[in-house]
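Step one of this worksheet: look at the structure below.
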Amino acid sequence: MALTIAFLPLCSEVYAAGGESDHAAKSFRIETQRWIEAEKIFRSDPHWLGGDGAASIDLGKGRVLWLFGDSFIDLSGTGSRRSSTLVRNSLAIQTGYDPCNASMKFYWNMHDGTPSAFFAYNGRNWYWPASGIKLGKHLIVFLMEIKTAGNELGFEACGWKAVWIDNPQEEPDQWNLTCLISPQRHGLIVGSGNPLLEKGFLTVCATDGNDRAVYLVRWPERSAGNGTLTSPEWWTGHKTGWVRGRNDKLEPIISDGQMEFTVEYQPRLERYLQIQTLSVMNPCLAVASSASVTGPWSAQACFFTSHEQGSPELLIYAGKSHPALKGADMVFTYVVNTTKEDRLLNDMSIYYPAMLKGRIVSDRNVP
C-alpha cells in the first residue's frame, strides 16, 4: 500500500546544460524522500476523495492555491468513491506554507444538488487546470480544454483558456471569474509549467498537444496584470528571439516535454529546473536545467522512481515541483492512477497526490 512506504530514496547525478561560456553550469543531484506526514493534508476532508493534476500557486500571506483535475466528491462523507461524483476539476486553499503544519479547504461547484466542476465548461468539452500566477492583486489561471477522442486515452487537449480572478484574497466560492480572450495557436496548449515573471514579461510555457514539444509565449507584465493576453510574443530561437505574429516558425525549448510539468528558478544553483514525469514507459520524476528559461536546456535525468512503477495496472504522471511550499529544499508531487475502474473505486491508497521532499546537493555549495 502506498501509505506504508515511509522512505523511498533514489537519486542520480544531474549535469546542468550549457556551453563552455556558461560558468553557472555545475553538477548537482536531488535526493528525495516520500513525505507521508505532509501528504496527509490531501486526506483532510472526508468529502474530497482524491484528484490528479495537483498544481500549486502562491497567493501570498501563507495561502497556497491547489488546482486538481478529475476529482471524486462524496457529499455523504462515507469515504467511498463508489458513492462519489466525479467532477472535472476542483481546487483547495492551503493555509500555511509547510504542509505538515497547514490546513486545507477544498472547493467545487454544485448543480441541482450534485457536485460539479469549479471551472465549468458550457458544452461537451471540459477543463483541466494547468497552472496560474498571482499578478499584483489579481490571479490568472490557465486551463486546458479537453475533448473526447478516438485515441488510446479517450481524450485529447484541443485548446486553452485563461481565467481572470479579481478578488483572490476572498474564499474561492466568492471569486469573480472572467474568461479572458485567449489567442489560440494550432496545437499549442498555453499554461504548461509554472508561469514566470521575467524582465517585465509574463512568460508561459506552451506544449504541443501532438508531440509534447515545449514552446514559450509571453506578454508584458502590465498588460497581463490588466487581464489582456492579446498580441502575444513567441520565442523563435536565439537568432531571431521574441516575435509577435502567427506565421513565424517557433523553436521549442524542450523537445520531450509533457502536458503537465513545472519550471522554477533555484537561486542556490543559479539555474532554472524543469520537473516532469519522464515518459509513459518510464514515469520517473526527471529534471532538466538551464541558466535561462529560453535555454539551452540539459537532457532530462531521472532522480526518483516510485515503488509503484512497473505495475501493468498503474499509471504514474503529473510530476511537478511546488516552489511555494516550505519544509525542504524542493517539494514534489506525482499521481498514481490505474487502468482498472474497480481498483480506482476501491483502492484508497492511490489517486491522492503523492508528495516528496527533496534535498539539492551541489558540488559547489554542499560538501
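Going by the C-alpha cells order, chains are called A, B, ..., each with residues numbered from 1, while ligands are numbered from 1 in the order shown.
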Using only C-alpha atoms, which residues sit within 12 Å of Phe155 (chain A) once same-chain residues fewer than 4 positions away are excluded, as an MDAnalysis selection string? chainID A and resid 125:128 144:151 209
Could you write out, as a VMD selection string, all the residues of region 268-366 of chain A that DSSP marks as strand (DSSP E or B)? chain A and resid 271 to 277 285 to 290 301 to 304 314 to 321 330 to 338 354 to 362
With distances taken over only C-alpha atoms, which of A:Asp166, A:Asp208, A:Asp347, A:Glu171 is nearest to His186 (chain A)?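 The shortest atom-to-atom distance to His186 (chain A) comes from A:Asp208.
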Skipping near chain neighbours, those fewer than 4 positions away, what residues fall within 9 Å of region 85-96 of chain A using only C-alpha atoms, listed as number ranges by chain? A: 41, 51-52, 54, 61-75, 81, 100-109, 114-120, 126-129, 171-172, 325-326
Separation of CA of Tyr334 (chain A) and CA of Asp363 (chain A), in Å?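 About the pair CA of Tyr334 (chain A) and CA of Asp363 (chain A): they are 27.3 Å apart.
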With a distance cut-off of 6 Å and only C-alpha atoms, select the neighbouring residues of region 134-140 of chain A, excluding the residue or stretch itself and same-chain residues fewer than 6 positions from it, and output the selection as a PyMOL selection string. chain A and resi 163-166+225
Using only C-alpha atoms, pick whichever of A:Pro312, A:Pro296, A:Gly60, A:Gly132 has the shortest atom-to-atom distance to Thr339 (chain A). A:Pro312
Kindly indicate which residue among A:Ala318, A:Ile181, A:Ala55, A:Leu49 lies nearest to Leu345 (chain A), using only C-alpha atoms for the distances.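 Once distances to Leu345 (chain A) are computed over only C-alpha atoms, the minimum belongs to A:Leu49.
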Each residue of region 65-168 of chain A lying at most 9 Å from region 257-269 of chain A should get a row with its shortest atom-to-atom pair and the distance in Å to one decimal, counting only C-alpha atoms; could you produce that, ordered by chain and increasing number, as a Markdown table?
| residue | atom | partner | partner_atom | distance |
| --- | --- | --- | --- | --- |
| A:Ala130 | CA | A:Glu260 | CA | 7.0 |
| A:Ser131 | CA | A:Thr262 | CA | 8.8 |
| A:Ala157 | CA | A:Met259 | CA | 9.0 |
So which bits of region 117-320 of chain A end up helix (DSSP H, G or I) when you DSSP the backbone, as JSON, numbers by chain? {"A": [172, 173, 174, 221, 222, 223, 224, 225]}
Would you put the residues from that selection into a file with N, CA and C atoms, as a PDB file, in the first residue's frame?
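Once written, result-v3.pdb looks like this:
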ATOM      1  N   PRO A 172     -12.625  30.998  -2.442  1.00  0.00           N
ATOM      2  CA  PRO A 172     -12.960  30.702  -3.838  1.00  0.00           C
ATOM      3  C   PRO A 172     -14.454  30.702  -4.160  1.00  0.00           C
ATOM      4  N   ASP A 173     -15.290  30.351  -3.196  1.00  0.00           N
ATOM      5  CA  ASP A 173     -16.723  30.377  -3.507  1.00  0.00           C
ATOM      6  C   ASP A 173     -17.260  31.799  -3.634  1.00  0.00           C
ATOM      7  N   GLN A 174     -16.397  32.810  -3.373  1.00  0.00           N
ATOM      8  CA  GLN A 174     -16.775  34.207  -3.545  1.00  0.00           C
ATOM      9  C   GLN A 174     -16.035  34.861  -4.721  1.00  0.00           C
ATOM     10  N   GLU A 221       4.170  42.390 -18.578  1.00  0.00           N
ATOM     11  CA  GLU A 221       3.573  42.181 -17.262  1.00  0.00           C
ATOM     12  C   GLU A 221       2.418  43.154 -17.019  1.00  0.00           C
ATOM     13  N   ARG A 222       2.547  44.379 -17.486  1.00  0.00           N
ATOM     14  CA  ARG A 222       1.473  45.358 -17.266  1.00  0.00           C
ATOM     15  C   ARG A 222       0.209  44.936 -17.984  1.00  0.00           C
ATOM     16  N   SER A 223       0.333  44.451 -19.235  1.00  0.00           N
ATOM     17  CA  SER A 223      -0.850  44.008 -19.980  1.00  0.00           C
ATOM     18  C   SER A 223      -1.491  42.802 -19.320  1.00  0.00           C
ATOM     19  N   ALA A 224      -0.664  41.810 -18.963  1.00  0.00           N
ATOM     20  CA  ALA A 224      -1.201  40.621 -18.309  1.00  0.00           C
ATOM     21  C   ALA A 224      -1.837  40.978 -16.980  1.00  0.00           C
ATOM     22  N   GLY A 225      -1.213  41.915 -16.255  1.00  0.00           N
ATOM     23  CA  GLY A 225      -1.753  42.335 -14.970  1.00  0.00           C
ATOM     24  C   GLY A 225      -3.090  43.019 -15.078  1.00  0.00           C
TER      25      GLY A 225
END
Interatomic distance between CA of Pro195 (chain A) and CA of Ile36 (chain A)?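 Between CA of Pro195 (chain A) and CA of Ile36 (chain A) the gap is 28.1 Å.
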